[in-house]
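This is my_file39.pdb (PDB, C-alpha atoms, pLDDT in the B column).
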ATOM      1  CA  LEU O 836      11.331  -1.070  31.273  1.00 43.00           C
ATOM      2  CA  MET O 837      11.615   2.396  32.773  1.00 41.00           C
ATOM      3  CA  SER O 838      15.008   3.460  34.076  1.00 42.00           C
ATOM      4  CA  GLU O 839      13.949   2.945  37.713  1.00 42.00           C
ATOM      5  CA  ASP O 840      12.753  -0.572  36.871  1.00 42.00           C
ATOM      6  CA  ARG O 841      16.119  -1.409  35.322  1.00 41.00           C
ATOM      7  CA  ASP O 842      17.872  -0.088  38.422  1.00 41.00           C
ATOM      8  CA  ALA O 843      15.682  -2.261  40.647  1.00 41.00           C
ATOM      9  CA  TYR O 844      16.653  -5.373  38.695  1.00 39.00           C
ATOM     10  CA  GLU O 845      20.317  -4.511  38.305  1.00 40.00           C
ATOM     11  CA  GLY O 846      22.416  -7.444  39.475  1.00 42.00           C
ATOM     12  CA  GLU O 847      19.344  -9.685  39.743  1.00 42.00           C
ATOM     13  CA  ALA O 848      17.756 -12.167  37.373  1.00 44.00           C
ATOM     14  CA  MET O 849      14.839 -10.571  35.564  1.00 40.00           C
ATOM     15  CA  PRO O 850      11.622 -12.637  35.785  1.00 45.00           C
ATOM     16  CA  LEU O 851      10.958 -14.726  32.673  1.00 45.00           C
ATOM     17  CA  ALA O 852       7.652 -13.011  31.830  1.00 44.00           C
ATOM     18  CA  MET O 853       9.267  -9.572  32.050  1.00 42.00           C
ATOM     19  CA  ARG O 854      12.223 -10.709  29.947  1.00 45.00           C
ATOM     20  CA  ASN O 855       9.813 -11.919  27.273  1.00 49.00           C
ATOM     21  CA  GLN O 856       7.999  -8.554  27.293  1.00 46.00           C
ATOM     22  CA  ALA O 857      11.283  -6.697  27.000  1.00 46.00           C
ATOM     23  CA  ASP O 858      12.386  -8.920  24.103  1.00 53.00           C
ATOM     24  CA  GLN O 859       9.087  -8.333  22.305  1.00 48.00           C
ATOM     25  CA  ALA O 860       9.395  -4.578  22.789  1.00 43.00           C
ATOM     26  CA  ARG O 861      12.900  -4.604  21.332  1.00 47.00           C
ATOM     27  CA  GLU O 862      11.713  -6.605  18.308  1.00 48.00           C
ATOM     28  CA  ILE O 863       8.868  -4.127  17.686  1.00 37.00           C
ATOM     29  CA  LEU O 864      11.244  -1.179  17.913  1.00 38.00           C
ATOM     30  CA  LYS O 865      13.694  -2.911  15.583  1.00 44.00           C
ATOM     31  CA  ALA O 866      10.927  -3.587  13.034  1.00 39.00           C
ATOM     32  CA  ASN O 867       9.685  -0.007  13.204  1.00 38.00           C
ATOM     33  CA  ASP O 868      13.198   1.356  12.725  1.00 38.00           C
ATOM     34  CA  SER O 869      13.547  -0.647   9.528  1.00 35.00           C
ATOM     35  CA  LEU O 870      10.366   0.937   8.133  1.00 32.00           C
ATOM     36  CA  LEU O 871      11.267   4.545   8.891  1.00 33.00           C
ATOM     37  CA  LEU O 872      11.418   6.779   5.833  1.00 35.00           C
ATOM     38  CA  GLN O 873      13.459   9.905   5.390  1.00 37.00           C
ATOM     39  CA  LYS O 874      11.951  12.522   7.716  1.00 39.00           C
ATOM     40  CA  PRO O 875      10.911  15.697   5.918  1.00 42.00           C
ATOM     41  CA  SER O 876      12.718  18.749   7.226  1.00 46.00           C
ATOM     42  CA  ASN O 877       9.564  20.867   7.063  1.00 52.00           C
ATOM     43  CA  LEU O 878       7.299  18.649   9.192  1.00 48.00           C
ATOM     44  CA  GLY O 879       4.806  20.845  10.992  1.00 52.00           C
ATOM     45  CA  ARG O 880       5.505  23.836   8.767  1.00 59.00           C
ATOM     46  CA  THR O 881       3.082  26.736   9.197  1.00 59.00           C
ATOM     47  CA  ASP O 882       4.719  29.455   7.094  1.00 62.00           C
ATOM     48  CA  GLY O 883       2.397  30.746   4.391  1.00 59.00           C
ATOM     49  CA  ILE O 884      -0.804  29.246   5.784  1.00 64.00           C
ATOM     50  CA  SER O 885      -3.775  31.579   5.179  1.00 66.00           C
ATOM     51  CA  GLN O 886      -1.486  34.018   3.366  1.00 71.00           C
ATOM     52  CA  VAL O 887      -2.106  33.049  -0.263  1.00 79.00           C
ATOM     53  CA  PRO O 888      -3.307  36.149  -2.134  1.00 84.00           C
ATOM     54  CA  ILE O 889      -6.424  34.782  -3.843  1.00 89.00           C
ATOM     55  CA  THR O 890      -8.563  37.250  -5.783  1.00 93.00           C
ATOM     56  CA  LYS O 891     -12.347  37.213  -5.897  1.00 94.00           C
ATOM     57  CA  GLU O 892     -12.272  35.904  -9.469  1.00 96.00           C
ATOM     58  CA  GLU O 893      -9.908  33.086  -8.523  1.00 96.00           C
ATOM     59  CA  ALA O 894     -12.071  32.135  -5.539  1.00 95.00           C
ATOM     60  CA  GLU O 895     -15.156  31.993  -7.756  1.00 96.00           C
ATOM     61  CA  ILE O 896     -13.408  29.592 -10.133  1.00 96.00           C
ATOM     62  CA  LEU O 897     -12.243  27.337  -7.292  1.00 96.00           C
ATOM     63  CA  THR O 898     -15.572  27.155  -5.470  1.00 96.00           C
ATOM     64  CA  ALA O 899     -17.959  27.155  -8.448  1.00 96.00           C
ATOM     65  CA  PRO O 900     -20.579  24.363  -8.448  1.00 95.00           C
ATOM     66  CA  LEU O 901     -19.451  21.185 -10.160  1.00 95.00           C
ATOM     67  CA  SER O 902     -20.634  20.500 -13.679  1.00 91.00           C
ATOM     68  CA  GLU O 903     -21.711  17.045 -14.858  1.00 86.00           C
ATOM     69  CA  ASP O 904     -18.387  16.626 -16.668  1.00 86.00           C
ATOM     70  CA  GLU O 905     -16.460  17.254 -13.446  1.00 93.00           C
ATOM     71  CA  MET O 906     -17.952  14.290 -11.596  1.00 94.00           C
ATOM     72  CA  ASP O 907     -17.645  10.528 -11.830  1.00 94.00           C
ATOM     73  CA  ILE O 908     -18.333   7.438  -9.745  1.00 94.00           C
ATOM     74  CA  ARG O 909     -16.104   4.592  -8.605  1.00 92.00           C
ATOM     75  CA  TYR O 910     -17.043   0.933  -8.784  1.00 91.00           C
ATOM     76  CA  ASP O 911     -17.783   1.002  -5.024  1.00 92.00           C
ATOM     77  CA  GLY O 912     -20.289   3.851  -5.349  1.00 93.00           C
ATOM     78  CA  ALA O 913     -18.082   6.727  -4.199  1.00 93.00           C
ATOM     79  CA  VAL O 914     -18.740   9.922  -6.176  1.00 95.00           C
ATOM     80  CA  PHE O 915     -15.558  11.890  -6.847  1.00 94.00           C
ATOM     81  CA  MET O 916     -13.980  14.713  -8.849  1.00 95.00           C
ATOM     82  CA  PRO O 917     -11.459  13.302 -11.345  1.00 94.00           C
ATOM     83  CA  GLY O 918      -7.891  14.513 -11.177  1.00 94.00           C
ATOM     84  CA  ASP O 919      -7.982  16.245 -14.551  1.00 95.00           C
ATOM     85  CA  ALA O 920     -11.008  18.281 -13.443  1.00 96.00           C
ATOM     86  CA  ILE O 921      -9.165  19.396 -10.292  1.00 96.00           C
ATOM     87  CA  ARG O 922      -6.064  20.360 -12.269  1.00 96.00           C
ATOM     88  CA  ASN O 923      -8.172  22.270 -14.786  1.00 96.00           C
ATOM     89  CA  ARG O 924      -9.715  24.295 -11.954  1.00 96.00           C
ATOM     90  CA  LEU O 925      -6.292  25.176 -10.589  1.00 97.00           C
ATOM     91  CA  ILE O 926      -4.970  26.106 -14.021  1.00 97.00           C
ATOM     92  CA  ARG O 927      -8.013  28.259 -14.780  1.00 97.00           C
ATOM     93  CA  ALA O 928      -7.673  30.011 -11.441  1.00 96.00           C
ATOM     94  CA  PHE O 929      -3.890  30.526 -11.256  1.00 95.00           C
ATOM     95  CA  GLY O 930      -2.597  29.770 -14.729  1.00 95.00           C
ATOM     96  CA  PRO O 931      -0.030  27.161 -15.805  1.00 94.00           C
ATOM     97  CA  GLY O 932       2.880  27.276 -13.362  1.00 93.00           C
ATOM     98  CA  GLY O 933       0.941  29.330 -10.817  1.00 94.00           C
ATOM     99  CA  TRP O 934       0.531  26.292  -8.579  1.00 96.00           C
ATOM    100  CA  GLY O 935       2.357  23.050  -7.877  1.00 94.00           C
ATOM    101  CA  THR O 936       2.920  20.196  -5.460  1.00 95.00           C
ATOM    102  CA  ALA O 937       6.107  19.199  -3.658  1.00 93.00           C
ATOM    103  CA  GLN O 938       7.045  15.709  -2.480  1.00 91.00           C
ATOM    104  CA  GLU O 939       7.489  15.841   1.306  1.00 92.00           C
ATOM    105  CA  ALA O 940       8.781  12.288   1.775  1.00 90.00           C
ATOM    106  CA  PRO O 941       9.694   9.320  -0.424  1.00 89.00           C
ATOM    107  CA  PRO O 942       6.699   7.244  -1.594  1.00 87.00           C
ATOM    108  CA  ALA O 943       5.821   4.532   0.923  1.00 84.00           C
ATOM    109  CA  PHE O 944       4.564   1.027   0.112  1.00 85.00           C
ATOM    110  CA  ASP O 945       2.555  -0.807   2.754  1.00 82.00           C
ATOM    111  CA  GLN O 946       2.787  -4.517   2.006  1.00 76.00           C
ATOM    112  CA  GLU O 947       0.220  -5.442   4.653  1.00 78.00           C
ATOM    113  CA  TYR O 948      -2.536  -3.385   3.032  1.00 78.00           C
ATOM    114  CA  GLY O 949      -1.167  -3.400  -0.512  1.00 82.00           C
ATOM    115  CA  GLU O 950      -1.142   0.391  -0.741  1.00 87.00           C
ATOM    116  CA  ILE O 951       1.339   2.919  -2.034  1.00 88.00           C
ATOM    117  CA  GLY O 952       1.243   6.390  -0.488  1.00 90.00           C
ATOM    118  CA  SER O 953       2.382   9.841  -1.603  1.00 92.00           C
ATOM    119  CA  ASP O 954       3.073  12.597   0.955  1.00 94.00           C
ATOM    120  CA  GLU O 955       2.915  16.025  -0.707  1.00 94.00           C
ATOM    121  CA  SER O 956       2.287  19.717  -0.089  1.00 94.00           C
ATOM    122  CA  LEU O 957       0.392  22.219  -2.251  1.00 94.00           C
ATOM    123  CA  TRP O 958       1.931  25.571  -3.207  1.00 94.00           C
ATOM    124  CA  ILE O 959       0.177  28.502  -4.879  1.00 93.00           C
ATOM    125  CA  LYS O 960       1.980  31.648  -6.037  1.00 90.00           C
ATOM    126  CA  GLY O 961       4.986  30.538  -4.002  1.00 88.00           C
ATOM    127  CA  CYS O 962       2.946  30.188  -0.784  1.00 88.00           C
ATOM    128  CA  TYR O 963       2.444  27.003   1.191  1.00 90.00           C
ATOM    129  CA  VAL O 964      -1.231  25.972   1.313  1.00 92.00           C
ATOM    130  CA  SER O 965      -1.638  22.462   2.714  1.00 92.00           C
ATOM    131  CA  ARG O 966      -0.129  19.030   3.143  1.00 93.00           C
ATOM    132  CA  ALA O 967      -1.727  15.605   2.773  1.00 93.00           C
ATOM    133  CA  MET O 968      -1.081  11.964   1.947  1.00 92.00           C
ATOM    134  CA  GLY O 969      -3.016   9.968  -0.611  1.00 92.00           C
ATOM    135  CA  CYS O 970      -2.896   6.208  -1.129  1.00 88.00           C
ATOM    136  CA  TRP O 971      -3.730   3.784  -3.901  1.00 87.00           C
ATOM    137  CA  GLN O 972      -4.003   0.019  -3.934  1.00 84.00           C
ATOM    138  CA  TRP O 973      -1.204  -1.696  -5.815  1.00 81.00           C
ATOM    139  CA  ASN O 974      -0.346  -5.329  -6.323  1.00 80.00           C
ATOM    140  CA  PRO O 975       3.163  -5.809  -7.804  1.00 78.00           C
ATOM    141  CA  LYS O 976       1.861  -8.969  -9.501  1.00 77.00           C
ATOM    142  CA  ASN O 977      -0.802  -7.007 -11.388  1.00 79.00           C
ATOM    143  CA  LYS O 978       0.701  -6.572 -14.861  1.00 80.00           C
ATOM    144  CA  ARG O 979      -2.041  -4.108 -15.851  1.00 82.00           C
ATOM    145  CA  MET O 980      -0.839  -1.530 -13.329  1.00 81.00           C
ATOM    146  CA  THR O 981       2.822  -0.587 -12.961  1.00 82.00           C
ATOM    147  CA  ARG O 982       4.344   1.071  -9.900  1.00 82.00           C
ATOM    148  CA  GLY O 983       4.372   4.321 -11.846  1.00 82.00           C
ATOM    149  CA  ASP O 984       0.648   4.006 -12.582  1.00 85.00           C
ATOM    150  CA  ALA O 985      -0.092   3.418  -8.897  1.00 86.00           C
ATOM    151  CA  LEU O 986       2.055   6.403  -7.881  1.00 88.00           C
ATOM    152  CA  GLU O 987       0.228   8.647 -10.344  1.00 90.00           C
ATOM    153  CA  SER O 988      -3.104   7.541  -8.892  1.00 90.00           C
ATOM    154  CA  ALA O 989      -1.815   8.128  -5.349  1.00 91.00           C
ATOM    155  CA  HIS O 990      -0.677  11.598  -6.440  1.00 94.00           C
ATOM    156  CA  THR O 991      -4.184  12.385  -7.697  1.00 93.00           C
ATOM    157  CA  GLU O 992      -5.709  11.175  -4.421  1.00 93.00           C
ATOM    158  CA  THR O 993      -3.275  13.450  -2.590  1.00 95.00           C
ATOM    159  CA  LEU O 994      -4.131  16.440  -4.787  1.00 95.00           C
ATOM    160  CA  ARG O 995      -7.827  15.899  -4.071  1.00 94.00           C
ATOM    161  CA  ARG O 996      -7.134  16.203  -0.337  1.00 94.00           C
ATOM    162  CA  LEU O 997      -4.721  19.095  -0.739  1.00 95.00           C
ATOM    163  CA  CYS O 998      -7.417  21.181  -2.424  1.00 95.00           C
ATOM    164  CA  LYS O 999      -9.952  20.841   0.384  1.00 93.00           C
ATOM    165  CA  PRO O1000      -8.882  24.145   2.021  1.00 92.00           C
ATOM    166  CA  LEU O1001      -9.594  25.866  -1.314  1.00 94.00           C
ATOM    167  CA  GLY O1002     -13.153  24.562  -1.499  1.00 94.00           C
ATOM    168  CA  VAL O1003     -12.594  22.680  -4.747  1.00 96.00           C
ATOM    169  CA  GLY O1004     -15.354  20.085  -5.104  1.00 93.00           C
ATOM    170  CA  ALA O1005     -16.871  21.002  -1.734  1.00 93.00           C
ATOM    171  CA  GLN O1006     -20.280  19.753  -2.899  1.00 93.00           C
ATOM    172  CA  LEU O1007     -18.967  16.201  -2.770  1.00 93.00           C
ATOM    173  CA  TRP O1008     -18.730  16.432   1.021  1.00 91.00           C
ATOM    174  CA  ASN O1009     -22.536  16.716   1.101  1.00 92.00           C
ATOM    175  CA  ARG O1010     -24.033  13.223   1.221  1.00 93.00           C
ATOM    176  CA  GLN O1011     -27.468  14.408   0.070  1.00 94.00           C
ATOM    177  CA  PHE O1012     -25.883  15.974  -3.005  1.00 94.00           C
ATOM    178  CA  THR O1013     -23.901  12.848  -3.950  1.00 94.00           C
ATOM    179  CA  GLU O1014     -26.865  10.526  -3.392  1.00 94.00           C
ATOM    180  CA  ALA O1015     -29.040  12.712  -5.626  1.00 93.00           C
ATOM    181  CA  TRP O1016     -26.329  12.687  -8.307  1.00 94.00           C
ATOM    182  CA  LYS O1017     -26.062   8.894  -8.120  1.00 93.00           C
ATOM    183  CA  PHE O1018     -29.839   8.507  -8.491  1.00 93.00           C
ATOM    184  CA  LYS O1019     -29.822  10.662 -11.624  1.00 93.00           C
ATOM    185  CA  ASN O1020     -26.534   9.706 -13.282  1.00 92.00           C
ATOM    186  CA  ALA O1021     -25.389   6.281 -12.061  1.00 93.00           C
ATOM    187  CA  GLU O1022     -26.478   2.661 -12.106  1.00 93.00           C
ATOM    188  CA  THR O1023     -25.428  -0.676 -10.659  1.00 92.00           C
ATOM    189  CA  TYR O1024     -24.339  -3.752 -12.565  1.00 91.00           C
ATOM    190  CA  VAL O1025     -22.893  -7.169 -11.829  1.00 91.00           C
ATOM    191  CA  ASN O1026     -19.356  -7.652 -13.108  1.00 89.00           C
ATOM    192  CA  LYS O1027     -17.954 -10.891 -14.492  1.00 88.00           C
ATOM    193  CA  PHE O1028     -16.854 -11.905 -10.996  1.00 89.00           C
ATOM    194  CA  GLY O1029     -20.429 -11.704  -9.727  1.00 92.00           C
ATOM    195  CA  LYS O1030     -19.875  -8.540  -7.686  1.00 93.00           C
ATOM    196  CA  LEU O1031     -22.268  -5.609  -7.594  1.00 93.00           C
ATOM    197  CA  CYS O1032     -20.565  -2.450  -8.891  1.00 93.00           C
ATOM    198  CA  TRP O1033     -21.439   1.146  -9.813  1.00 94.00           C
ATOM    199  CA  ARG O1034     -20.900   3.082 -13.050  1.00 92.00           C
ATOM    200  CA  ARG O1035     -22.267   6.085 -14.903  1.00 91.00           C
ATOM    201  CA  LYS O1036     -25.450   5.260 -16.778  1.00 88.00           C
ATOM    202  CA  GLY O1037     -24.601   3.777 -20.153  1.00 77.00           C
ATOM    203  CA  ALA O1038     -20.881   3.552 -19.391  1.00 75.00           C
ATOM    204  CA  MET O1039     -18.858   0.499 -20.392  1.00 66.00           C
ATOM    205  CA  GLU O1040     -17.153  -1.613 -17.744  1.00 55.00           C
ATOM    206  CA  MET O1041     -13.561  -0.506 -17.305  1.00 51.00           C
ATOM    207  CA  ALA O1042     -10.686  -2.945 -16.940  1.00 44.00           C
ATOM    208  CA  GLU O1043      -9.350  -1.007 -13.953  1.00 47.00           C
ATOM    209  CA  ASP O1044     -12.686  -1.280 -12.137  1.00 51.00           C
ATOM    210  CA  GLU O1045     -12.752  -5.008 -12.765  1.00 50.00           C
ATOM    211  CA  ALA O1046      -9.253  -5.456 -11.430  1.00 49.00           C
ATOM    212  CA  ARG O1047      -9.800  -3.369  -8.278  1.00 53.00           C
ATOM    213  CA  ALA O1048     -13.231  -4.855  -7.509  1.00 49.00           C
ATOM    214  CA  ASP O1049     -11.705  -8.331  -7.696  1.00 49.00           C
ATOM    215  CA  ASN O1050      -8.997  -7.537  -5.114  1.00 49.00           C
TER     216      ASN O1050
END

In structure tokens, what does this structure look like?
Amino acid sequence: LMSEDRDAYEGEAMPLAMRNQADQAREILKANDSLLLQKPSNLGRTDGISQVPITKEEAEILTAPLSEDEMDIRYDGAVFMPGDAIRNRLIRAFGPGGWGTAQEAPPAFDQEYGEIGSDESLWIKGCYVSRAMGCWQWNPKNKRMTRGDALESAHTETLRRLCKPLGVGAQLWNRQFTEAWKFKNAETYVNKFGKLCWRRKGAMEMAEDEARADN
């Protein structure tokens, strides 16, 4: 209720329907409060944006066309740039220690969707570049994937998004490019659960793909 509504009902019995709505609102607020994580002190930070001193040579490394070894495909058909390929680009461009990520908030686990998320920011040469959150599916009952494994995968998903402003892997945003790559380099197969999946041509079925496709 708004303050004026509370004043109108002061000293009177609130209608049952309105009392029920107020009780539900309080329960929702109480539930949300219990899920709040530590708020990052730098939320909405803009210092350093568009101020990273990137040389022409560094820009060429970051935005160079992807090679065959820098691309892969998920079981669901999504073409992506593996985390090690992204890190190699950053290391080649800025050197070891010339870039890094910072955790902006504690990792969050969403039980409803079975996802663990990592909120991070990207820093290059001491300058703030971007901020993003990446998520990864995780089932605590899955003995083949620990919480640490899921967090590492979420970190890689976050890094992939953090590097978008740098143009790393920009070709993958072009649907025509990814479809052409799939036609040339990928194939479908039916896994042991009877589900249609994707893989690189000639690649063996991976245990991780089986587990995720079955969820």

Hits from the PyMOL selection byres ((chain O and resi 975) around 12), listed as JSON, numbers by chain: {"O": [944, 945, 946, 949, 950, 951, 972, 973, 974, 976, 977, 978, 979, 980, 981, 982, 983, 984, 985]}

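Taking CA of Tyr910 in chain O as the reference point, CA of Asn923 in chain O is found at 23.9 Å.
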
Box for range 913-917 of chain O - axis-aligned, 8 Å on each of the six sides, all listed atoms - centre and size in Å to one decimal, as AutoDock Vina command-line options.
--center_x -15.1 --center_y 10.7 --center_z -7.8 --size_x 23.3 --size_y 24.0 --size_z 23.1

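You can rank O:Ala894, O:Ala913, O:Leu1007, O:Ala1021 by their closest distance to Arg1035 in chain O using all atoms listed in the file, and at the top of that list sits O:Ala1021.
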
Hits from the PyMOL selection byres ((chain O and resi 1006) around 12), listed as a PyMOL selection string: chain O and resi 897-902+905-906+914-916+999+1002-1005+1007-1016

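Closest approach to Asp907 in chain O among O:Ala920, O:Leu957, O:Gly933, O:Tyr948 is made by O:Ala920 (distances from all atoms listed in the file).
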
Contacts of Thr890 in chain O at 10 Å (all atoms listed in the file; same-chain gap of 3+ positions) as a PyMOL selection string: chain O and resi 887+893-895+928-929

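Using all atoms listed in the file, the smallest distance between any of O:Asn1020, O:Ser953, O:Asn1026, O:Thr991 and Ile908 in chain O comes from O:Asn1020.
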
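A straight line drawn from CA of Gly932 in chain O to CA of Arg966 in chain O is 18.7 Å long.
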
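Straight-line separation from CA of Phe1028 in chain O to CA of His990 in chain O: 28.9 Å.
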
Proximity to Cys970 in chain O - best of O:Glu955, O:Glu992, O:Pro931, O:Leu997, all atoms listed in the file: O:Glu992

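Closest approach to Thr936 in chain O among O:Pro1000, O:Pro888, O:Gly961, O:Gly1029: O:Gly961, based on only C-alpha atoms.
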
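Distance check against Ala967 in chain O using all atoms listed in the file: of O:Glu987, O:Thr993, O:Thr1023, O:Pro942, the minimum falls on O:Thr993.
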
Polymer residues at most 7 Å from Lys960 in chain O, all atoms listed in the file, same-chain spacing of 2 or more positions, as a PyMOL selection string: chain O and resi 933-934+958+962

Take the residues that were just selected and, keeping C-alpha atoms, output them as a PDB file, in the coordinates of the input.
ATOM      1  CA  GLY O 933       0.941  29.330 -10.817  1.00 94.00           C
ATOM      2  CA  TRP O 934       0.531  26.292  -8.579  1.00 96.00           C
ATOM      3  CA  TRP O 958       1.931  25.571  -3.207  1.00 94.00           C
ATOM      4  CA  CYS O 962       2.946  30.188  -0.784  1.00 88.00           C
TER       5      CYS O 962
END
